[in-house]
Amino acid sequence: MRKLVTLLMMALLVATSVGTALAGDTLADVKKKGVLVVGCKDSLPPFGYIDENSRRIVGYDIDFVNAIAKKLGVTVELKPVTSASRMPQLQEGHIDIIAATMTKNAERAKVIDFSHTYFFTGQKFITKKGSVKSLKDLDGKRIGTAKGSTSEQNVKRAIPTSTVLSFDDYPQAFLALQQGKVVAVTTDEAILAGILAKAPNKAQFEIPAIQISDEPYGLGMRKGDTNFVNFVNKTILEMEKSGEAAKIFEKWFGSNTQFHLERTFKITADK
């Protein structure tokens with residue numbers, strides 16, 4: 001019995017040590033190695049996608065983490081992630097930070113830490129033009145979204161009679177809409193607008209004025225990684241004060257005043 005208790009205590013000590021190691025001090029580690037490893041999207045304009053000319057991943061999320069890395073005095077290594085893989089990649093230590101259109105919510109905040117909101121939008125739908133006027137038009141219909149996203153959970157709650165088909169990413173879901181396999185694709189409006197802007201047949205589709213949730217984006221970091229979280233938050237606020245954040249926004253979203261005002265308000269509210 002005494003041996004069993006000893007073994008259990010040792011196992012608990014190991015588990016505690018592992019948990020502490022996972023949190024660690026990313027700020028110090030990144031400075032030491034000189035590289036910030038970022039989990040990002042690579043097929044989701046304008047947040048993260050592969051530029052046709054340079055063949056590099058570019059976008060709004062990328063510019064934000066580049067600014068943080070510059071403040072740290074380190075380079076950036078980008079690792080593509082999906083909505084489903086981004087949190088496990090962070091927790092397993094394969095990336096240092098998530099910059100991948102990630103909505104902050106209470107459930108996720110139990111597992112990882114978030115930065116201040118750096119973008120704010122709401123969940124809507126892409127549909128065939130004129131086909132959807134209200135949520136009732138989506139009752140009992142097939143709706144596409146991405147695996148492991150808050151969009152997946154939100155649409156199931158908002159339209160419980162629908163059949164939700166989850167794809168690896170949103171471009172695949174939009175392809176299913178084009179092929180008639182779903183009647184709508186749902187995620188954050190800013191993502192939908194980016195997908196639609198790149199579609200060669202975009203005149204056939206629209207984003208109806210139907211919103212089912214608010215979606216504040218945060219940069220994701222390991223739970224308890226206090227020094228790194230504080231540094232990132234301080235940098236975001238400095239970027240807001242200096243106008244650097246506004247420049248990044250205007251580069252990717254132009255004069256879209258709606259997103260700009262919502263983003264600025266939410267960052268101020270987070271302080």
# chains A, B, ... in the order shown; residues from 1 in each chain; ligands from 1
$ closest_atom_pairs --of "segment 126-235 of chain A" --to "segment 58-77 of chain A" --cutoff "12 Å" --atoms "only C-alpha atoms" --output "tab-separated table"
residue	atom	partner	partner_atom	distance
A:Ala190	CA	A:Tyr60	CA	11.2
A:Ile191	CA	A:Tyr60	CA	11.3
A:Gly194	CA	A:Gly59	CA	10.8
A:Tyr217	CA	A:Asp61	CA	10.1
A:Gly218	CA	A:Asp61	CA	10.2
A:Leu219	CA	A:Val65	CA	8.9
A:Gly220	CA	A:Val65	CA	11.4
A:Phe228	CA	A:Leu72	CA	10.5
A:Val229	CA	A:Ile68	CA	11.4
A:Asn230	CA	A:Ile68	CA	11.9
A:Phe231	CA	A:Ile68	CA	8.8
A:Val232	CA	A:Ile68	CA	6.8
A:Asn233	CA	A:Ile68	CA	9.7
A:Lys234	CA	A:Ile68	CA	9.8
A:Thr235	CA	A:Ile68	CA	6.5
$ residues_around --residues "Val182 of chain A" --least-positions-apart "5" --cutoff "12 Å" --atoms "only C-alpha atoms" --output "list in words"
Phe125, Ile126, Thr127, Lys128, Leu138, Gly140, Lys141, Arg142, Ile143, Gly144, Thr145, Ser162, Thr163, Val164, Leu165, Ser166, Phe167, Gln172, Ala173, Phe174, Leu175, Ala176 and Leu177 of chain A
$ write_last_selection --atoms "C-alpha atoms" --output "short mmCIF file (atom, residue, chain, number, x, y, z; two decimals), in the first residue's frame"
data_model
loop_
_atom_site.label_atom_id
_atom_site.label_comp_id
_atom_site.auth_asym_id
_atom_site.auth_seq_id
_atom_site.Cartn_x
_atom_site.Cartn_y
_atom_site.Cartn_z
CA PHE A 125 -23.36 33.27 -44.09
CA ILE A 126 -22.46 33.13 -47.78
CA THR A 127 -25.45 31.98 -49.84
CA LYS A 128 -26.60 31.96 -53.44
CA LEU A 138 -31.93 27.65 -43.44
CA GLY A 140 -33.43 21.71 -42.25
CA LYS A 141 -30.74 22.69 -44.77
CA ARG A 142 -27.11 21.62 -45.14
CA ILE A 143 -24.63 24.27 -44.04
CA GLY A 144 -20.86 24.15 -44.48
CA THR A 145 -18.19 25.38 -42.08
CA SER A 162 -29.81 22.16 -39.94
CA THR A 163 -27.25 19.56 -40.98
CA VAL A 164 -23.78 20.97 -40.43
CA LEU A 165 -21.08 19.63 -42.76
CA SER A 166 -17.61 20.37 -41.39
CA PHE A 167 -14.63 20.71 -43.75
CA GLN A 172 -13.39 23.71 -49.10
CA ALA A 173 -16.76 24.62 -47.58
CA PHE A 174 -17.22 27.35 -50.21
CA LEU A 175 -16.39 24.85 -52.95
CA ALA A 176 -19.18 22.65 -51.57
CA LEU A 177 -21.55 25.61 -51.85
#
$ select_by_dssp --residues "segment 116-252 of chain A" --states "helix (DSSP H, G or I)" --output "ChimeraX atom specification"
/A:135-138,150-158,170-178,189-198,202-204,226-242,244-252
$ write_last_selection --atoms "C-alpha atoms" --output "mmCIF file, in the first residue's frame"
data_model
loop_
_atom_site.group_PDB
_atom_site.id
_atom_site.type_symbol
_atom_site.label_atom_id
_atom_site.label_comp_id
_atom_site.auth_asym_id
_atom_site.auth_seq_id
_atom_site.Cartn_x
_atom_site.Cartn_y
_atom_site.Cartn_z
ATOM 1 C CA LEU A 135 -32.627 32.089 -40.477
ATOM 2 C CA LYS A 136 -35.897 30.287 -41.189
ATOM 3 C CA ASP A 137 -34.755 29.832 -44.782
ATOM 4 C CA LEU A 138 -31.928 27.648 -43.438
ATOM 5 C CA THR A 150 -16.628 28.336 -33.053
ATOM 6 C CA SER A 151 -18.654 28.739 -36.254
ATOM 7 C CA GLU A 152 -19.387 25.016 -36.144
ATOM 8 C CA GLN A 153 -20.771 25.283 -32.607
ATOM 9 C CA ASN A 154 -22.650 28.553 -33.147
ATOM 10 C CA VAL A 155 -24.586 27.425 -36.193
ATOM 11 C CA LYS A 156 -25.691 24.209 -34.477
ATOM 12 C CA ARG A 157 -27.140 26.310 -31.656
ATOM 13 C CA ALA A 158 -28.683 28.951 -33.918
ATOM 14 C CA TYR A 170 -13.479 27.424 -45.304
ATOM 15 C CA PRO A 171 -12.374 27.388 -48.969
ATOM 16 C CA GLN A 172 -13.393 23.708 -49.096
ATOM 17 C CA ALA A 173 -16.761 24.625 -47.576
ATOM 18 C CA PHE A 174 -17.223 27.353 -50.208
ATOM 19 C CA LEU A 175 -16.395 24.851 -52.953
ATOM 20 C CA ALA A 176 -19.183 22.645 -51.568
ATOM 21 C CA LEU A 177 -21.554 25.613 -51.851
ATOM 22 C CA GLN A 178 -20.524 26.180 -55.459
ATOM 23 C CA GLU A 189 -18.065 37.978 -41.882
ATOM 24 C CA ALA A 190 -14.521 39.212 -42.473
ATOM 25 C CA ILE A 191 -13.458 35.706 -43.550
ATOM 26 C CA LEU A 192 -16.509 35.320 -45.780
ATOM 27 C CA ALA A 193 -15.793 38.681 -47.411
ATOM 28 C CA GLY A 194 -12.214 37.571 -48.136
ATOM 29 C CA ILE A 195 -13.373 34.293 -49.679
ATOM 30 C CA LEU A 196 -16.002 36.025 -51.796
ATOM 31 C CA ALA A 197 -13.566 38.685 -53.015
ATOM 32 C CA LYS A 198 -11.339 35.960 -54.507
ATOM 33 C CA LYS A 202 -18.686 36.103 -56.833
ATOM 34 C CA ALA A 203 -21.648 37.854 -58.510
ATOM 35 C CA GLN A 204 -23.677 34.677 -57.924
ATOM 36 C CA THR A 226 2.180 35.342 -18.121
ATOM 37 C CA ASN A 227 5.327 37.142 -19.263
ATOM 38 C CA PHE A 228 4.606 36.444 -22.921
ATOM 39 C CA VAL A 229 0.910 37.345 -22.651
ATOM 40 C CA ASN A 230 1.774 40.638 -20.946
ATOM 41 C CA PHE A 231 4.373 41.465 -23.595
ATOM 42 C CA VAL A 232 1.979 40.724 -26.467
ATOM 43 C CA ASN A 233 -0.807 42.776 -24.874
ATOM 44 C CA LYS A 234 1.514 45.713 -24.266
ATOM 45 C CA THR A 235 2.684 45.557 -27.883
ATOM 46 C CA ILE A 236 -0.876 45.477 -29.248
ATOM 47 C CA LEU A 237 -1.809 48.555 -27.205
ATOM 48 C CA GLU A 238 1.341 50.343 -28.352
ATOM 49 C CA MET A 239 0.440 49.505 -31.961
ATOM 50 C CA GLU A 240 -2.993 51.026 -31.425
ATOM 51 C CA LYS A 241 -1.558 54.179 -29.867
ATOM 52 C CA SER A 242 1.110 54.670 -32.558
ATOM 53 C CA GLU A 244 0.597 50.950 -36.629
ATOM 54 C CA ALA A 245 -2.451 48.731 -36.034
ATOM 55 C CA ALA A 246 -4.623 51.094 -38.100
ATOM 56 C CA LYS A 247 -2.100 50.962 -40.957
ATOM 57 C CA ILE A 248 -2.165 47.162 -40.957
ATOM 58 C CA PHE A 249 -5.959 47.244 -40.972
ATOM 59 C CA GLU A 250 -6.128 49.710 -43.867
ATOM 60 C CA LYS A 251 -3.620 47.643 -45.848
ATOM 61 C CA TRP A 252 -5.878 44.587 -45.781
#
$ select_by_dssp --residues "segment 94-244 of chain A" --states "strand (DSSP E)" --output "PyMOL selection string"
chain A and resi 97-99+112-114+119-128+142-146+163-167+184-188+205-206+213-217+220-222
$ residues_around --residues "Thr26 of chain A" --least-positions-apart "4" --cutoff "10 Å" --atoms "only C-alpha atoms" --output "list in words"
Leu22, Val30, Lys31, Lys32, Leu36, Gly93, Asp96, Ile97, Met221, Arg222, Asp225, Thr226, Asn227, Phe228 and Val229 of chain A
$ closest_residue --among "A:Lys133, A:Lys41, A:Lys79, A:Lys104" --to "Asp214 of chain A" --atoms "only C-alpha atoms"
A:Lys104
$ atom_distance --atom1 "atom CA of Pro160 of chain A" --atom2 "atom CA of Pro45 of chain A"
29.3 Å
$ closest_residue --among "A:Ala199, A:Leu27, A:Ile95, A:Leu90" --to "Asp113 of chain A" --atoms "only C-alpha atoms"
A:Leu90
$ atom_distance --atom1 "atom CA of Asp42 of chain A" --atom2 "atom CA of Leu78 of chain A"
9.3 Å
$ residues_around --residues "Met87 of chain A" --least-positions-apart "5" --cutoff "12 Å" --atoms "only C-alpha atoms" --output "number ranges by chain"
A: 38-40, 81-82, 92-100, 102-103, 108-114, 148-149, 219-223
$ write_last_selection --atoms "C-alpha atoms" --output "PDB file, in the first residue's frame"
ATOM      1  CA  VAL A  38       3.617  31.191 -35.374  1.00  0.00           C
ATOM      2  CA  GLY A  39       0.633  28.987 -36.148  1.00  0.00           C
ATOM      3  CA  CYS A  40      -1.346  30.683 -38.935  1.00  0.00           C
ATOM      4  CA  VAL A  81      -2.568  25.265 -38.942  1.00  0.00           C
ATOM      5  CA  THR A  82      -6.260  24.490 -39.272  1.00  0.00           C
ATOM      6  CA  GLU A  92       2.287  20.379 -27.623  1.00  0.00           C
ATOM      7  CA  GLY A  93       4.939  23.078 -28.049  1.00  0.00           C
ATOM      8  CA  HIS A  94       5.157  22.979 -31.852  1.00  0.00           C
ATOM      9  CA  ILE A  95       4.276  26.684 -32.109  1.00  0.00           C
ATOM     10  CA  ASP A  96       4.760  29.645 -29.762  1.00  0.00           C
ATOM     11  CA  ILE A  97       1.628  31.626 -30.602  1.00  0.00           C
ATOM     12  CA  ILE A  98      -1.593  31.253 -32.593  1.00  0.00           C
ATOM     13  CA  ALA A  99      -2.429  33.980 -35.119  1.00  0.00           C
ATOM     14  CA  ALA A 100      -5.203  32.251 -37.011  1.00  0.00           C
ATOM     15  CA  MET A 102      -9.183  32.586 -33.453  1.00  0.00           C
ATOM     16  CA  THR A 103     -12.278  33.670 -31.550  1.00  0.00           C
ATOM     17  CA  ARG A 108     -11.051  28.030 -24.953  1.00  0.00           C
ATOM     18  CA  ALA A 109      -9.802  30.391 -22.218  1.00  0.00           C
ATOM     19  CA  LYS A 110      -9.881  27.457 -19.799  1.00  0.00           C
ATOM     20  CA  VAL A 111      -7.168  25.790 -21.883  1.00  0.00           C
ATOM     21  CA  ILE A 112      -5.085  28.622 -23.366  1.00  0.00           C
ATOM     22  CA  ASP A 113      -4.530  32.344 -22.734  1.00  0.00           C
ATOM     23  CA  PHE A 114      -5.571  35.063 -25.166  1.00  0.00           C
ATOM     24  CA  GLY A 148     -12.974  22.751 -34.746  1.00  0.00           C
ATOM     25  CA  SER A 149     -14.251  26.303 -35.192  1.00  0.00           C
ATOM     26  CA  LEU A 219      -3.709  35.737 -30.333  1.00  0.00           C
ATOM     27  CA  GLY A 220      -3.459  32.403 -28.506  1.00  0.00           C
ATOM     28  CA  MET A 221      -0.689  31.528 -26.041  1.00  0.00           C
ATOM     29  CA  ARG A 222      -0.072  28.704 -23.579  1.00  0.00           C
ATOM     30  CA  LYS A 223      -2.019  28.815 -20.326  1.00  0.00           C
TER      31      LYS A 223
END
